[in-house]
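Peer 1: Structure file target39.csv (CSV, C-alpha atoms) is given on the next line.
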```csv
chain,number,residue,atom,x,y,z
A,19,TYR,CA,-9.1,-49.0,12.1
A,20,ALA,CA,-11.6,-51.6,13.2
A,21,GLU,CA,-12.7,-51.8,16.7
A,22,MET,CA,-12.7,-55.5,17.8
A,23,PRO,CA,-15.3,-57.1,20.1
A,24,ASN,CA,-12.8,-56.7,23.0
A,25,GLY,CA,-12.4,-52.9,22.4
A,26,ALA,CA,-9.0,-53.1,20.8
A,27,ARG,CA,-8.4,-51.1,17.6
A,28,LYS,CA,-6.7,-52.7,14.6
A,29,TYR,CA,-5.1,-50.8,11.7
A,30,ILE,CA,-6.6,-51.8,8.4
A,31,ASP,CA,-5.3,-49.4,5.7
A,32,LYS,CA,-4.8,-45.7,4.8
A,33,THR,CA,-5.4,-43.3,2.0
A,34,THR,CA,-4.9,-39.5,1.5
A,35,PHE,CA,-6.9,-36.7,0.0
A,36,GLU,CA,-6.1,-33.1,-0.8
A,37,THR,CA,-8.3,-30.1,0.0
A,38,MET,CA,-8.6,-27.2,-2.4
A,39,GLN,CA,-7.0,-24.0,-1.1
A,40,PRO,CA,-7.8,-20.5,-2.4
A,41,GLN,CA,-4.9,-19.0,-4.3
A,42,MET,CA,-4.4,-15.3,-5.3
A,43,GLY,CA,-3.6,-14.9,-9.0
A,44,THR,CA,-2.4,-11.4,-9.5
A,45,MET,CA,-2.5,-8.2,-7.5
A,46,GLN,CA,-2.1,-4.9,-9.2
A,47,ILE,CA,-2.7,-1.2,-8.8
A,48,VAL,CA,-5.3,0.2,-11.2
A,49,ASP,CA,-7.0,3.6,-11.6
A,50,GLU,CA,-4.2,5.5,-9.8
A,51,ASP,CA,-5.1,9.2,-9.6
A,52,LYS,CA,-2.3,11.1,-7.9
A,53,SER,CA,-4.1,14.4,-8.1
A,54,LYS,CA,-7.0,13.0,-6.1
A,55,GLY,CA,-4.8,10.7,-3.9
A,56,THR,CA,-6.7,7.6,-4.8
A,57,PHE,CA,-6.0,4.2,-6.3
A,58,ARG,CA,-7.6,0.7,-6.5
A,59,VAL,CA,-6.0,-2.6,-5.6
A,60,LYS,CA,-7.3,-5.3,-8.0
A,61,ILE,CA,-6.9,-9.0,-7.1
A,62,SER,CA,-7.8,-11.2,-10.0
A,63,ASN,CA,-7.4,-14.7,-11.4
A,64,VAL,CA,-8.3,-16.1,-7.9
A,65,GLN,CA,-8.3,-19.9,-7.8
A,66,ASN,CA,-10.9,-21.8,-5.7
A,67,ALA,CA,-12.7,-18.6,-4.9
A,68,GLU,CA,-15.6,-20.7,-3.4
A,69,MET,CA,-13.3,-21.5,-0.6
A,70,ILE,CA,-12.7,-17.9,0.4
A,71,LYS,CA,-14.5,-16.4,3.4
A,72,GLU,CA,-12.7,-13.0,3.1
A,73,ILE,CA,-9.8,-11.2,1.6
A,74,GLN,CA,-8.1,-8.5,3.8
A,75,VAL,CA,-5.7,-6.0,2.5
A,76,PRO,CA,-3.6,-4.0,5.0
A,77,ILE,CA,-2.1,-0.8,3.5
A,78,TRP,CA,0.3,1.6,5.1
A,79,SER,CA,2.9,4.2,4.1
A,80,ARG,CA,5.1,4.6,7.1
A,81,GLY,CA,7.8,2.3,8.4
A,82,ASN,CA,6.2,2.0,11.8
A,83,GLN,CA,2.7,1.3,10.2
A,84,GLU,CA,1.1,4.1,12.2
A,85,ASP,CA,-1.2,4.8,9.3
A,86,ILE,CA,-2.2,1.2,8.6
A,87,VAL,CA,-5.7,0.5,7.5
A,88,TRP,CA,-7.1,-3.0,7.1
A,89,TYR,CA,-9.5,-3.1,4.1
A,90,THR,CA,-11.8,-5.9,3.3
A,91,ALA,CA,-11.8,-6.5,-0.5
A,92,GLU,CA,-15.2,-6.4,-2.3
A,93,SER,CA,-15.9,-9.4,-4.5
A,94,GLY,CA,-16.7,-8.9,-8.2
A,95,GLU,CA,-16.7,-11.2,-11.2
A,96,ASN,CA,-13.6,-13.4,-10.6
A,97,GLU,CA,-11.8,-10.4,-8.9
A,98,TYR,CA,-11.6,-8.5,-5.7
A,99,ILE,CA,-11.3,-4.8,-5.4
A,100,VAL,CA,-10.1,-2.4,-2.6
A,101,GLU,CA,-10.7,1.4,-3.0
A,102,VAL,CA,-8.0,3.5,-1.4
A,103,ASP,CA,-8.0,7.2,-0.5
A,104,ILE,CA,-4.8,8.5,1.1
A,105,GLY,CA,-6.9,10.7,3.3
A,106,LYS,CA,-7.5,7.5,5.4
A,107,HIS,CA,-3.8,7.3,5.8
A,108,LYS,CA,-3.2,10.8,7.2
A,109,TYR,CA,-2.4,12.1,3.7
A,110,SER,CA,1.0,10.4,3.8
A,111,VAL,CA,3.0,11.0,0.6
A,112,GLY,CA,5.4,8.2,-0.4
A,113,GLU,CA,5.4,4.6,-1.2
A,114,TYR,CA,2.5,2.6,0.1
A,115,GLN,CA,3.0,-1.0,1.2
A,116,ILE,CA,0.1,-3.3,0.3
A,117,HIS,CA,-0.3,-6.9,1.5
A,118,CYS,CA,-3.0,-9.5,0.9
A,119,TYR,CA,-4.4,-12.1,3.3
A,120,ILE,CA,-6.9,-14.7,2.4
A,121,THR,CA,-9.1,-16.3,5.0
A,122,ASP,CA,-10.6,-19.6,3.9
A,123,VAL,CA,-14.0,-21.0,4.8
A,124,THR,CA,-12.4,-22.9,7.7
A,125,GLY,CA,-11.2,-19.6,9.3
A,126,ASN,CA,-7.5,-20.1,8.4
A,127,ARG,CA,-5.8,-16.8,7.3
A,128,LYS,CA,-2.8,-17.0,5.1
A,129,PHE,CA,-0.5,-14.3,3.5
A,130,ALA,CA,-1.1,-14.4,-0.2
A,131,GLY,CA,1.1,-11.6,-1.7
A,132,LYS,CA,2.2,-8.0,-1.7
A,133,THR,CA,2.8,-5.0,-3.9
A,134,THR,CA,3.4,-1.3,-3.6
A,135,CYS,CA,2.0,2.0,-4.9
A,136,ASN,CA,4.0,5.1,-5.5
A,137,MET,CA,2.2,8.1,-4.0
A,138,LYS,CA,5.2,10.4,-4.0
A,139,ALA,CA,5.0,14.1,-5.0
A,140,GLU,CA,6.4,14.7,-8.5
A,141,PHE,CA,7.5,17.8,-10.4
A,142,VAL,CA,8.9,18.6,-13.8
A,143,ASP,CA,11.6,21.2,-12.9
A,144,PHE,CA,13.0,22.8,-9.7
A,145,SER,CA,15.4,25.7,-10.3
A,146,ILE,CA,17.0,28.8,-8.7
A,147,ASP,CA,18.0,31.8,-10.8
A,148,ASN,CA,20.3,34.6,-9.7
A,149,VAL,CA,18.1,37.6,-10.7
A,150,ASP,CA,20.4,40.5,-10.1
A,151,ASN,CA,23.7,38.8,-10.9
A,152,ILE,CA,25.2,40.0,-7.6
A,153,GLU,CA,23.9,37.1,-5.5
A,154,LYS,CA,21.4,39.2,-3.5
A,155,GLU,CA,18.1,38.3,-5.2
A,156,TYR,CA,17.0,34.9,-6.5
A,157,THR,CA,13.9,33.4,-8.1
A,158,ILE,CA,12.9,29.9,-7.1
A,159,SER,CA,10.8,28.1,-9.6
A,160,LEU,CA,8.9,24.8,-9.3
A,161,THR,CA,6.9,23.6,-12.3
A,162,GLY,CA,4.7,20.7,-13.0
A,163,LEU,CA,4.1,19.9,-9.3
A,164,VAL,CA,1.7,17.0,-8.5
A,165,VAL,CA,1.1,16.3,-4.9
A,166,PRO,CA,-1.1,13.3,-4.1
A,167,ALA,CA,-4.5,14.6,-3.0
A,168,GLY,CA,-3.4,18.2,-3.8
A,169,ALA,CA,-1.6,20.8,-1.8
A,170,ARG,CA,-3.0,23.7,0.1
A,171,ASP,CA,0.2,25.6,0.0
A,172,VAL,CA,3.8,25.3,-1.4
A,173,ARG,CA,6.7,26.8,0.5
A,174,PHE,CA,10.4,26.9,0.1
A,175,ALA,CA,12.8,26.6,3.0
A,176,VAL,CA,16.0,28.6,2.4
A,177,TRP,CA,19.1,28.8,4.7
A,178,GLY,CA,22.8,29.5,4.4
A,179,GLU,CA,25.4,26.9,4.6
A,180,ASN,CA,27.2,28.2,7.7
A,181,SER,CA,26.0,27.4,11.2
A,182,GLY,CA,23.3,25.0,10.2
A,183,GLN,CA,19.7,26.3,9.8
A,184,ASN,CA,20.0,29.2,12.2
A,185,ASP,CA,19.0,31.6,9.4
A,186,LEU,CA,16.1,29.5,8.0
A,187,ARG,CA,13.4,31.4,6.1
A,188,TRP,CA,10.2,30.1,4.6
A,189,TYR,CA,9.0,31.6,1.3
```
What would the structure in this file look like if it were written as structure tokens?
Peer 2:
Amino acid sequence: YAEMPNGARKYIDKTTFETMQPQMGTMQIVDEDKSKGTFRVKISNVQNAEMIKEIQVPIWSRGNQEDIVWYTAESGENEYIVEVDIGKHKYSVGEYQIHCYITDVTGNRKFAGKTTCNMKAEFVDFSIDNVDNIEKEYTISLTGLVVPAGARDVRFAVWGENSGQNDLRWY
């Protein structure tokens, strides 16, 4: 536009240009250690990293997000890392939801991707044996148990089929 001597503006021509936007390449879970209840989120192959002000990674394990923690990823050589300890998430055991948001140098925050991490308890075998063959005494066995971040105690809830759990006993 040109401003004329009388103050009127006149259209002359137009052109366009494109600004570089930061883009997340891959997001993966690395160094998962269920026995300690820890894992790392690695964001790599980031494009236009010089345009990034910050990468935030919200992580939670419950549907209502009551244990959500917003992490700020630490920058490394062409990658960003988040160190996660499930102790910060009330020691929740289950599948963790992991999202990634990139804030560019202009302050615009944009959803960039998501993944999950399985922090469920696992075991090799869970069995019950009738010890006395008259259905009076049983042995309950659980082998190969791995509980994320460890377990202080393991208990078995046992109850009869009739009348709900009115005869519940913990062993």
Peer 1: A:Asn151, A:Ser110, A:Tyr19, A:Ile146: which is nearest Lys32 of chain A, counting only C-alpha atoms?
Peer 2: A:Tyr19
Peer 1: Could you check how far atom CA of Gln65 of chain A sits from atom CA of Phe129 of chain A, in Å to one decimal?
Peer 2: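 Atom-to-atom, atom CA of Gln65 of chain A to atom CA of Phe129 of chain A, that is 14.8 Å.
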Peer 1: For Lys52 of chain A, which residue out of A:Thr124, A:Ser159, A:Asn66, A:Asn136 is the nearest one, using only C-alpha atoms?
Peer 2: A:Asn136
Peer 1: I want to know what sits within 7 Å of Tyr119 of chain A, based on only C-alpha atoms, with residues of the same chain fewer than 6 positions away left out; could you give that as a ChimeraX atom specification?
Peer 2: /A:73-75,127-130
Peer 1: Looking at all atoms listed in the file, which of A:Glu50, A:Glu179, A:Asp147, A:Glu140 is the one that sits closest to Gly162 of chain A?
Peer 2: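 Between A:Glu50, A:Glu179, A:Asp147, A:Glu140, the residue approaching Gly162 of chain A most closely is A:Glu140.
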Peer 1: Dump as a list of chain:residue names all residues having an atom at most 10 Å from (-16.3, -15.9, -10.8), computed in the file's coordinates with only C-alpha atoms.
Peer 2: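 Residues with an atom close enough to that point: A:Ser62, A:Asn63, A:Val64, A:Gln65, A:Asn66, A:Ala67, A:Glu68, A:Ser93, A:Gly94, A:Glu95, A:Asn96, A:Glu97.
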Peer 1: Go ahead and save the residues from that selection, with C-alpha atoms, as a PDB file, keeping the file's coordinate frame.
Peer 2:
```pdb
ATOM      1  CA  SER A  62      -7.800 -11.200 -10.000  1.00  0.00           C
ATOM      2  CA  ASN A  63      -7.400 -14.700 -11.400  1.00  0.00           C
ATOM      3  CA  VAL A  64      -8.300 -16.100  -7.900  1.00  0.00           C
ATOM      4  CA  GLN A  65      -8.300 -19.900  -7.800  1.00  0.00           C
ATOM      5  CA  ASN A  66     -10.900 -21.800  -5.700  1.00  0.00           C
ATOM      6  CA  ALA A  67     -12.700 -18.600  -4.900  1.00  0.00           C
ATOM      7  CA  GLU A  68     -15.600 -20.700  -3.400  1.00  0.00           C
ATOM      8  CA  SER A  93     -15.900  -9.400  -4.500  1.00  0.00           C
ATOM      9  CA  GLY A  94     -16.700  -8.900  -8.200  1.00  0.00           C
ATOM     10  CA  GLU A  95     -16.700 -11.200 -11.200  1.00  0.00           C
ATOM     11  CA  ASN A  96     -13.600 -13.400 -10.600  1.00  0.00           C
ATOM     12  CA  GLU A  97     -11.800 -10.400  -8.900  1.00  0.00           C
TER      13      GLU A  97
END
```
Peer 1: Work out how far atom CA of Leu163 of chain A is from atom CA of Ser145 of chain A, in Å to one decimal.
Peer 2: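 So the answer is 12.7 Å.
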Peer 1: Given the point (-13.8, -14.3, 3.0) in the file's coordinates, find the residues that have an atom at most 9 Å from it, counting all atoms listed in the file, and give them as number ranges by chain.
Peer 2: A: 69-74, 90-91, 120-123, 125
Peer 1: If I take atom CA of Thr34 of chain A and atom CA of Gly131 of chain A, how far is one from the other in Å, to one decimal?
Peer 2: 28.7 Å
Peer 1: Could you list, with a cut-off of 8 Å and counting all atoms listed in the file, the residues of segment 130-169 of chain A near segment 112-116 of chain A, each shown with its nearest atom pair and the distance in Å rounded to one decimal, rows sorted by chain and ascending number, as CSV?
Peer 2:
```
residue,atom,partner,partner_atom,distance
A:Lys132,CA,A:Ile116,CA,5.5
A:Thr133,CA,A:Ile116,CA,5.3
A:Thr134,CA,A:Gln115,CA,4.8
A:Cys135,CA,A:Tyr114,CA,5.1
A:Asn136,CA,A:Glu113,CA,4.5
A:Met137,CA,A:Gly112,CA,4.8
A:Lys138,CA,A:Gly112,CA,4.2
A:Ala139,CA,A:Gly112,CA,7.5
```
